[in-house]
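So this block is data-v9.csv, CSV, C-alpha atoms:
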```csv
chain,number,residue,atom,x,y,z
C,1,MET,CA,0.0,0.0,0.0
C,2,GLN,CA,1.4,3.4,-1.0
C,3,LEU,CA,1.6,6.2,1.5
C,4,ARG,CA,0.3,8.6,-1.1
C,5,ALA,CA,-3.0,6.7,-1.3
C,6,LEU,CA,-3.4,6.9,2.5
C,7,MET,CA,-2.7,10.7,2.4
C,8,TYR,CA,-5.3,11.2,-0.4
C,9,PHE,CA,-7.9,9.2,1.6
C,10,ASP,CA,-7.2,11.2,4.7
C,11,GLU,CA,-7.7,14.5,2.9
C,12,LEU,CA,-10.9,13.1,1.3
C,13,VAL,CA,-12.2,12.2,4.7
C,14,ARG,CA,-11.3,15.7,6.0
C,15,THR,CA,-13.0,17.6,3.2
C,16,ASN,CA,-15.8,15.2,2.4
C,17,SER,CA,-15.4,16.2,-1.3
C,18,MET,CA,-13.3,14.8,-4.2
C,19,ARG,CA,-13.0,18.2,-5.7
C,20,ALA,CA,-12.0,19.9,-2.5
C,21,ALA,CA,-9.5,17.2,-1.6
C,22,ALA,CA,-8.0,17.5,-5.1
C,23,GLU,CA,-7.7,21.3,-4.8
C,24,ASN,CA,-6.0,21.0,-1.4
C,25,LEU,CA,-3.6,18.4,-2.7
C,26,ASN,CA,-3.1,20.3,-6.0
C,27,VAL,CA,-4.0,17.4,-8.2
C,28,ALA,CA,-6.8,16.4,-10.5
C,29,PRO,CA,-10.0,14.9,-9.0
C,30,THR,CA,-9.3,11.8,-11.1
C,31,ALA,CA,-5.9,11.4,-9.3
C,32,VAL,CA,-7.7,11.3,-5.9
C,33,SER,CA,-10.3,8.8,-7.2
C,34,ARG,CA,-7.5,6.6,-8.6
C,35,GLN,CA,-5.7,6.5,-5.2
C,36,ILE,CA,-9.0,5.6,-3.4
C,37,GLU,CA,-9.5,2.8,-5.9
C,38,ASN,CA,-6.0,1.5,-5.1
C,39,LEU,CA,-6.8,1.5,-1.4
C,40,GLU,CA,-10.1,-0.4,-2.1
C,41,HIS,CA,-8.2,-2.9,-4.2
C,42,TYR,CA,-5.6,-3.3,-1.4
C,43,PHE,CA,-8.2,-3.9,1.3
C,44,GLY,CA,-10.5,-5.8,-1.0
C,45,THR,CA,-13.6,-3.8,-0.1
C,46,THR,CA,-15.4,-0.6,-0.9
C,47,LEU,CA,-14.3,2.3,1.3
C,48,VAL,CA,-16.2,5.2,-0.2
C,49,GLU,CA,-19.7,5.5,-1.8
C,50,ARG,CA,-20.1,8.4,-4.2
C,51,SER,CA,-23.3,10.4,-4.9
C,52,ASN,CA,-24.5,13.8,-6.1
C,53,ARG,CA,-24.4,14.9,-2.5
C,54,GLY,CA,-20.7,14.1,-2.1
C,55,ILE,CA,-19.1,11.0,-0.6
C,56,ARG,CA,-20.1,8.7,2.2
C,57,LEU,CA,-17.8,6.3,4.0
C,58,THR,CA,-18.7,2.7,4.3
C,59,ALA,CA,-18.2,0.8,7.5
C,60,ALA,CA,-14.8,-0.3,6.3
C,61,GLY,CA,-14.0,3.3,5.3
C,62,GLU,CA,-15.0,4.6,8.8
C,63,LEU,CA,-12.7,2.0,10.3
C,64,LEU,CA,-9.8,3.1,8.1
C,65,ALA,CA,-10.5,6.8,8.6
C,66,ALA,CA,-10.3,6.4,12.4
C,67,ARG,CA,-6.7,5.2,12.1
C,68,ALA,CA,-5.4,6.7,8.9
C,69,GLY,CA,-5.0,10.2,10.4
C,70,ARG,CA,-3.2,9.1,13.5
C,71,THR,CA,-0.9,6.8,11.4
C,72,LEU,CA,0.1,9.7,9.1
C,73,ARG,CA,0.7,12.0,12.1
C,74,GLU,CA,2.9,9.3,13.7
C,75,LEU,CA,4.9,9.0,10.5
C,76,GLU,CA,5.3,12.8,10.6
C,77,HIS,CA,6.5,12.6,14.1
C,78,VAL,CA,9.1,10.0,13.1
C,79,HIS,CA,10.1,12.4,10.4
C,80,GLN,CA,10.5,15.1,13.0
C,81,LEU,CA,12.6,12.8,15.2
C,82,ILE,CA,14.9,12.1,12.2
C,83,ASP,CA,15.2,15.8,11.7
C,84,ASP,CA,16.4,16.0,15.2
C,85,LEU,CA,19.6,14.3,14.1
C,86,GLN,CA,20.4,17.7,12.6
C,87,GLY,CA,19.8,19.6,15.8
C,88,LEU,CA,17.5,22.6,15.6
C,89,GLN,CA,18.3,23.5,12.0
C,90,ARG,CA,14.8,22.5,11.0
C,91,GLY,CA,11.6,21.1,12.5
C,92,LYS,CA,8.1,22.0,13.4
C,93,VAL,CA,6.2,22.2,16.7
C,94,THR,CA,2.4,22.1,16.9
C,95,ILE,CA,0.9,23.7,20.0
C,96,TYR,CA,-2.8,23.7,21.0
C,97,ALA,CA,-4.0,26.2,23.6
C,98,ASN,CA,-7.3,27.0,25.1
C,99,GLY,CA,-8.4,30.6,25.3
C,100,ALA,CA,-7.2,34.0,24.0
C,101,THR,CA,-5.5,34.7,27.3
C,102,VAL,CA,-3.2,31.7,26.8
C,103,ALA,CA,-2.4,32.8,23.3
C,104,ASN,CA,-1.1,36.1,24.7
C,105,LEU,CA,1.0,34.3,27.3
C,106,LEU,CA,2.5,32.1,24.6
C,107,ALA,CA,3.2,34.9,22.0
C,108,PRO,CA,6.2,36.5,23.8
C,109,VAL,CA,7.6,33.0,24.6
C,110,LEU,CA,7.4,31.8,21.0
C,111,ALA,CA,8.7,35.1,19.7
C,112,GLN,CA,11.8,34.9,21.8
C,113,PHE,CA,12.3,31.1,21.0
C,114,SER,CA,11.9,31.7,17.3
C,115,LEU,CA,14.5,34.5,17.3
C,116,ARG,CA,16.9,32.0,18.9
C,117,TYR,CA,16.0,29.2,16.5
C,118,PRO,CA,14.9,30.9,13.3
C,119,LYS,CA,14.8,27.7,11.2
C,120,LEU,CA,12.0,26.1,13.3
C,121,ARG,CA,8.4,26.4,12.3
C,122,PHE,CA,5.4,26.7,14.7
C,123,GLU,CA,1.7,26.0,14.3
C,124,VAL,CA,-0.6,27.3,17.1
C,125,ALA,CA,-4.2,26.4,17.3
C,126,ILE,CA,-6.6,28.2,19.8
C,127,THR,CA,-9.4,25.8,20.8
C,128,SER,CA,-11.3,24.6,23.8
C,129,ALA,CA,-9.5,22.7,26.5
C,130,ARG,CA,-11.2,19.5,25.5
C,131,GLN,CA,-10.3,19.9,21.8
C,132,ALA,CA,-6.7,20.6,22.8
C,133,ILE,CA,-6.5,17.4,24.9
C,134,GLU,CA,-8.1,15.4,22.1
C,135,ALA,CA,-5.5,16.8,19.7
C,136,LEU,CA,-2.8,15.6,22.0
C,137,ALA,CA,-4.3,12.2,22.3
C,138,SER,CA,-4.6,11.9,18.5
C,139,ALA,CA,-1.0,13.1,17.9
C,140,GLU,CA,-2.1,16.3,16.2
C,141,ALA,CA,-0.4,18.4,18.9
C,142,ASP,CA,3.1,18.1,20.3
C,143,LEU,CA,2.1,20.0,23.4
C,144,VAL,CA,-0.9,21.7,24.9
C,145,VAL,CA,-1.3,24.7,27.2
C,146,THR,CA,-4.5,24.9,29.1
C,147,LEU,CA,-6.1,27.4,31.5
C,148,PHE,CA,-9.2,26.8,33.7
C,149,ALA,CA,-9.1,23.2,32.4
C,150,GLN,CA,-10.5,20.2,34.3
C,151,LYS,CA,-8.3,17.3,34.9
C,152,MET,CA,-8.3,14.9,32.0
C,153,ALA,CA,-7.0,11.4,31.6
C,154,GLY,CA,-4.3,10.6,29.0
C,155,VAL,CA,-2.1,13.7,29.5
C,156,LYS,CA,1.1,14.4,31.5
C,157,VAL,CA,1.5,17.8,33.0
C,158,ARG,CA,5.1,18.9,32.4
C,159,LEU,CA,4.8,22.3,33.9
C,160,ARG,CA,2.3,24.0,36.1
C,161,SER,CA,2.5,27.7,37.0
C,162,GLU,CA,-0.1,29.8,38.8
C,163,ILE,CA,-1.3,33.1,37.4
C,164,THR,CA,-3.4,35.7,39.1
C,165,TYR,CA,-6.0,38.0,37.5
C,166,GLU,CA,-5.6,41.7,38.4
C,167,LEU,CA,-7.4,44.9,37.6
C,168,ILE,CA,-6.1,46.4,34.3
C,169,THR,CA,-6.6,50.1,33.9
C,170,TRP,CA,-5.3,52.7,31.5
C,171,GLY,CA,-2.0,54.2,32.4
C,172,ASN,CA,-3.2,57.4,34.1
C,173,HIS,CA,-6.3,56.0,35.7
C,174,PRO,CA,-6.9,57.3,39.3
C,175,ALA,CA,-6.3,53.8,40.7
C,176,ALA,CA,-3.2,53.1,38.6
C,177,GLY,CA,-0.7,54.0,41.3
C,178,ARG,CA,-2.3,52.1,44.1
C,179,PRO,CA,-0.6,49.0,45.6
C,180,GLU,CA,-4.0,47.1,45.6
C,181,ILE,CA,-7.8,47.5,45.2
C,182,THR,CA,-10.8,45.8,46.7
C,183,LEU,CA,-13.5,43.8,44.8
C,184,LYS,CA,-16.1,46.2,46.1
C,185,GLU,CA,-14.3,49.1,44.5
C,186,ILE,CA,-13.9,47.2,41.3
C,187,ALA,CA,-17.6,46.6,41.1
C,188,THR,CA,-18.2,50.4,41.0
C,189,LEU,CA,-16.0,50.8,37.9
C,190,PRO,CA,-17.1,50.4,34.2
C,191,LEU,CA,-16.1,46.9,33.5
C,192,ALA,CA,-15.2,45.0,30.3
C,193,LEU,CA,-15.3,41.2,30.8
C,194,PRO,CA,-15.3,38.0,28.8
C,195,ASP,CA,-18.6,36.3,28.3
C,196,LYS,CA,-19.9,33.6,30.7
C,197,THR,CA,-18.6,30.7,28.6
C,198,PHE,CA,-15.1,31.6,29.8
C,199,GLY,CA,-13.7,29.9,32.9
C,200,ALA,CA,-12.3,33.2,34.1
C,201,ARG,CA,-15.6,35.0,33.9
C,202,GLN,CA,-17.3,32.2,35.9
C,203,ALA,CA,-14.6,32.5,38.5
C,204,PHE,CA,-15.1,36.3,38.7
C,205,GLU,CA,-18.9,35.8,39.2
C,206,GLU,CA,-18.2,33.4,42.1
C,207,GLN,CA,-15.8,35.8,43.8
C,208,PHE,CA,-18.1,38.8,43.6
C,209,ALA,CA,-21.2,36.6,44.6
C,210,LYS,CA,-19.5,35.8,47.9
C,211,LEU,CA,-19.7,39.5,48.7
C,212,GLY,CA,-23.3,39.7,47.5
C,213,ILE,CA,-22.3,41.7,44.4
C,214,GLU,CA,-23.9,41.0,41.0
C,215,LEU,CA,-21.6,42.0,38.2
C,216,ASP,CA,-23.0,44.3,35.5
C,217,PRO,CA,-20.3,44.8,32.9
C,218,VAL,CA,-20.6,47.6,30.4
C,219,PHE,CA,-18.9,45.5,27.8
C,220,VAL,CA,-18.9,41.7,27.2
C,221,THR,CA,-16.7,40.1,24.6
C,222,GLY,CA,-14.8,36.9,23.8
C,223,SER,CA,-11.9,38.9,22.4
C,224,LEU,CA,-8.9,39.7,24.5
C,225,GLU,CA,-7.8,42.3,22.0
C,226,MET,CA,-11.2,44.0,22.3
C,227,LEU,CA,-10.8,44.0,26.1
C,228,LYS,CA,-7.4,45.7,25.9
C,229,GLU,CA,-8.6,48.2,23.3
C,230,LEU,CA,-11.5,49.3,25.4
C,231,VAL,CA,-9.1,49.9,28.3
C,232,LEU,CA,-6.6,51.7,26.2
C,233,ARG,CA,-9.4,54.0,24.9
C,234,GLU,CA,-10.4,54.6,28.6
C,235,ALA,CA,-13.9,53.3,28.1
C,236,ALA,CA,-13.6,50.6,30.7
C,237,VAL,CA,-11.3,48.6,33.0
C,238,THR,CA,-10.9,44.8,32.9
C,239,LEU,CA,-9.6,41.8,34.8
C,240,LEU,CA,-6.6,39.9,33.2
C,241,PRO,CA,-3.3,38.4,34.2
C,242,ALA,CA,-0.7,41.1,34.1
C,243,LEU,CA,1.5,38.9,31.9
C,244,THR,CA,-1.0,39.2,29.0
C,245,VAL,CA,-0.6,43.0,28.9
C,246,GLN,CA,3.0,43.2,30.1
C,247,ARG,CA,4.2,45.1,27.0
C,248,GLU,CA,1.6,47.8,27.4
C,249,VAL,CA,2.3,48.0,31.2
C,250,ASP,CA,6.0,48.5,30.5
C,251,LEU,CA,5.2,51.3,28.1
C,252,GLY,CA,3.0,53.0,30.7
C,253,LEU,CA,-0.1,52.6,28.5
C,254,LEU,CA,-1.8,50.2,31.0
C,255,ALA,CA,-1.5,49.5,34.7
C,256,ALA,CA,-2.0,46.3,36.6
C,257,ILE,CA,-3.3,46.6,40.2
C,258,PRO,CA,-3.4,43.6,42.5
C,259,ILE,CA,-6.7,42.8,44.2
C,260,SER,CA,-6.5,43.1,48.0
C,261,ALA,CA,-6.8,40.4,50.6
C,262,GLY,CA,-5.8,37.7,48.1
C,263,LYS,CA,-9.2,37.9,46.4
C,264,GLY,CA,-7.8,37.9,42.9
C,265,VAL,CA,-8.9,34.9,40.7
C,266,ARG,CA,-6.1,32.4,40.6
C,267,THR,CA,-5.7,29.5,38.1
C,268,ALA,CA,-3.1,27.1,37.1
C,269,ILE,CA,-1.7,27.3,33.6
C,270,ASP,CA,-0.7,23.7,32.6
C,271,LEU,CA,1.8,22.7,29.9
C,272,CYS,CA,0.8,19.1,28.9
C,273,VAL,CA,2.3,16.4,26.7
C,274,ALA,CA,1.3,12.9,25.8
C,275,PRO,CA,2.6,10.4,28.4
C,276,ASP,CA,3.4,7.7,25.9
C,277,ARG,CA,4.9,9.8,23.1
C,278,GLN,CA,8.5,11.0,22.9
C,279,LEU,CA,8.8,14.7,22.3
C,280,SER,CA,10.9,15.8,19.3
C,281,TYR,CA,14.1,17.6,20.1
C,282,ALA,CA,12.5,20.9,19.0
C,283,ALA,CA,9.4,20.4,21.1
C,284,GLY,CA,11.5,19.4,24.2
C,285,LYS,CA,13.6,22.5,23.9
C,286,LEU,CA,10.5,24.6,23.6
C,287,VAL,CA,9.1,23.1,26.8
C,288,ASP,CA,12.3,23.9,28.6
C,289,PHE,CA,12.3,27.4,27.3
C,290,ILE,CA,8.6,28.0,28.3
C,291,GLU,CA,9.4,26.7,31.8
C,292,ALA,CA,12.4,29.1,32.2
C,293,PHE,CA,10.3,32.0,30.8
C,294,MET,CA,7.4,31.4,33.2
C,295,HIS,CA,9.8,31.1,36.2
C,296,GLY,CA,11.6,34.3,35.1
C,297,ALA,CA,8.4,36.2,34.6
C,298,GLU,CA,7.1,35.2,38.0
C,299,HIS,CA,10.4,36.2,39.6
C,300,ALA,CA,10.4,39.5,37.9
C,301,LYS,CA,6.8,40.2,38.9
C,302,THR,CA,7.5,39.4,42.5
C,303,GLY,CA,10.6,41.6,42.5
C,304,SER,CA,8.8,44.6,41.0
C,305,ARG,CA,6.0,44.2,43.6
C,306,SER,CA,8.5,44.2,46.5
C,307,LYS,CA,9.7,47.6,45.4
C,308,LYS,CA,6.3,49.2,45.5
C,309,PRO,CA,5.5,51.4,48.5
C,310,VAL,CA,2.9,50.0,50.9
```
Give the structure from this file in structure tokens form.
Amino acid sequence: MQLRALMYFDELVRTNSMRAAAENLNVAPTAVSRQIENLEHYFGTTLVERSNRGIRLTAAGELLAARAGRTLRELEHVHQLIDDLQGLQRGKVTIYANGATVANLLAPVLAQFSLRYPKLRFEVAITSARQAIEALASAEADLVVTLFAQKMAGVKVRLRSEITYELITWGNHPAAGRPEITLKEIATLPLALPDKTFGARQAFEEQFAKLGIELDPVFVTGSLEMLKELVLREAAVTLLPALTVQREVDLGLLAAIPISAGKGVRTAIDLCVAPDRQLSYAAGKLVDFIEAFMHGAEHAKTGSRSKKPV
């Protein structure tokens, strides 16, 4: 059985269309059809039924489809391991992360790592926590970064670091110079918050509910960029980990104020890998780099806090 036939079949399953699969593979539809016929001859059974509505997998086709994708990804992983023999001169790392907040935590890490190893390539997918873990289990992801994720079987946590949400204001906001602020004070400010599908928002609601406060945000959005933009334009304040807006804080455009009495929402950010799958050299180096970055950021944050007047 040729590897090409399996690749064509996998693309056909993904697109559910001979024409779309052919376009993605940059071949003629007849070439895809021919490779499917080769597979059917090899297995001695019909894999695909064709109609005007597209294609439908037979029971045998479903069975092959469930394994073909993982087989191809495992072969790609072997290719990556072979690339490792040449060090970090080439290679690709696929990362799945849940939530826009995590993406903004990852961005500075990946930027620095890429500058150090410019010949590596990265693919970052932002999904739900469950989709990210499923991608790890199916070998689509090399590593996964989750936030507000429930414990799931089939993953190994390589790194866990706690992050705390703080009040984020514009740079010259009246509260910007304060060492801390209470939840009751925050509730009186115009707030921009993520919608209730976000774990962070649910945690905020729980914290304020303990004080008998019902949140009434002026703006609700699923976009972290929108939250930052609203604060930069002085229309609202928000609640985010300071690391996600560190660049703007360093420039004086935004300010991060800790919530008093340890009432800030805390969550673990987990870096996960598959327990039964060897990391490529590039992915392993990235994990080490992320760990050093997170520890360094936490140390710098603690140090800067200790210099603030009480």
Near stretch 179-193 of chain C, within 6 Å and counting all atoms listed in the file, which residues show up once chain neighbours fewer than 6 positions away are dropped, as a PyMOL selection string? chain C and resi 217-220+236-238+257-260
Counting only C-alpha atoms, what is within 8 Å of stretch 267-284 of chain C, bar same-chain residues fewer than 2 positions away, as an MDAnalysis selection string? chainID C and resid 77 80:81 84 87:88 91:93 120 136:137 142:148 154:164 265 286:288
Output C-alpha atoms for every residue in that selection, as a PDB file, keeping the file's coordinate frame.
```pdb
ATOM      1  CA  HIS C  77       6.500  12.600  14.100  1.00  0.00           C
ATOM      2  CA  GLN C  80      10.500  15.100  13.000  1.00  0.00           C
ATOM      3  CA  LEU C  81      12.600  12.800  15.200  1.00  0.00           C
ATOM      4  CA  ASP C  84      16.400  16.000  15.200  1.00  0.00           C
ATOM      5  CA  GLY C  87      19.800  19.600  15.800  1.00  0.00           C
ATOM      6  CA  LEU C  88      17.500  22.600  15.600  1.00  0.00           C
ATOM      7  CA  GLY C  91      11.600  21.100  12.500  1.00  0.00           C
ATOM      8  CA  LYS C  92       8.100  22.000  13.400  1.00  0.00           C
ATOM      9  CA  VAL C  93       6.200  22.200  16.700  1.00  0.00           C
ATOM     10  CA  LEU C 120      12.000  26.100  13.300  1.00  0.00           C
ATOM     11  CA  LEU C 136      -2.800  15.600  22.000  1.00  0.00           C
ATOM     12  CA  ALA C 137      -4.300  12.200  22.300  1.00  0.00           C
ATOM     13  CA  ASP C 142       3.100  18.100  20.300  1.00  0.00           C
ATOM     14  CA  LEU C 143       2.100  20.000  23.400  1.00  0.00           C
ATOM     15  CA  VAL C 144      -0.900  21.700  24.900  1.00  0.00           C
ATOM     16  CA  VAL C 145      -1.300  24.700  27.200  1.00  0.00           C
ATOM     17  CA  THR C 146      -4.500  24.900  29.100  1.00  0.00           C
ATOM     18  CA  LEU C 147      -6.100  27.400  31.500  1.00  0.00           C
ATOM     19  CA  PHE C 148      -9.200  26.800  33.700  1.00  0.00           C
ATOM     20  CA  GLY C 154      -4.300  10.600  29.000  1.00  0.00           C
ATOM     21  CA  VAL C 155      -2.100  13.700  29.500  1.00  0.00           C
ATOM     22  CA  LYS C 156       1.100  14.400  31.500  1.00  0.00           C
ATOM     23  CA  VAL C 157       1.500  17.800  33.000  1.00  0.00           C
ATOM     24  CA  ARG C 158       5.100  18.900  32.400  1.00  0.00           C
ATOM     25  CA  LEU C 159       4.800  22.300  33.900  1.00  0.00           C
ATOM     26  CA  ARG C 160       2.300  24.000  36.100  1.00  0.00           C
ATOM     27  CA  SER C 161       2.500  27.700  37.000  1.00  0.00           C
ATOM     28  CA  GLU C 162      -0.100  29.800  38.800  1.00  0.00           C
ATOM     29  CA  ILE C 163      -1.300  33.100  37.400  1.00  0.00           C
ATOM     30  CA  THR C 164      -3.400  35.700  39.100  1.00  0.00           C
ATOM     31  CA  VAL C 265      -8.900  34.900  40.700  1.00  0.00           C
ATOM     32  CA  LEU C 286      10.500  24.600  23.600  1.00  0.00           C
ATOM     33  CA  VAL C 287       9.100  23.100  26.800  1.00  0.00           C
ATOM     34  CA  ASP C 288      12.300  23.900  28.600  1.00  0.00           C
TER      35      ASP C 288
END
```
As a ChimeraX atom specification, please: the residues near stretch 130-132 of chain C (cut-off 7 Å, only C-alpha atoms, same-chain neighbours under 5 positions excluded). /C:96-98,144
Take the residues that were just selected and, keeping C-alpha atoms, output them as a PDB file, in the coordinates of the input.
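To be explicit, this is the file written out as again_29.pdb:
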```pdb
ATOM      1  CA  TYR C  96      -2.800  23.700  21.000  1.00  0.00           C
ATOM      2  CA  ALA C  97      -4.000  26.200  23.600  1.00  0.00           C
ATOM      3  CA  ASN C  98      -7.300  27.000  25.100  1.00  0.00           C
ATOM      4  CA  VAL C 144      -0.900  21.700  24.900  1.00  0.00           C
TER       5      VAL C 144
END
```
Env of C:Thr58: 12 Å cut, atoms = all atoms listed in the file, seq-sep filter 3 positions within chain, self excluded. Answer as a VMD selection string. chain C and resid 13 40 45 to 50 55 61 to 65
To one decimal place in Å, what is the distance between atom CA of C:Val102 and atom CA of C:Gly171?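 Calculated distance between atom CA of C:Val102 and atom CA of C:Gly171 is 23.2 Å.
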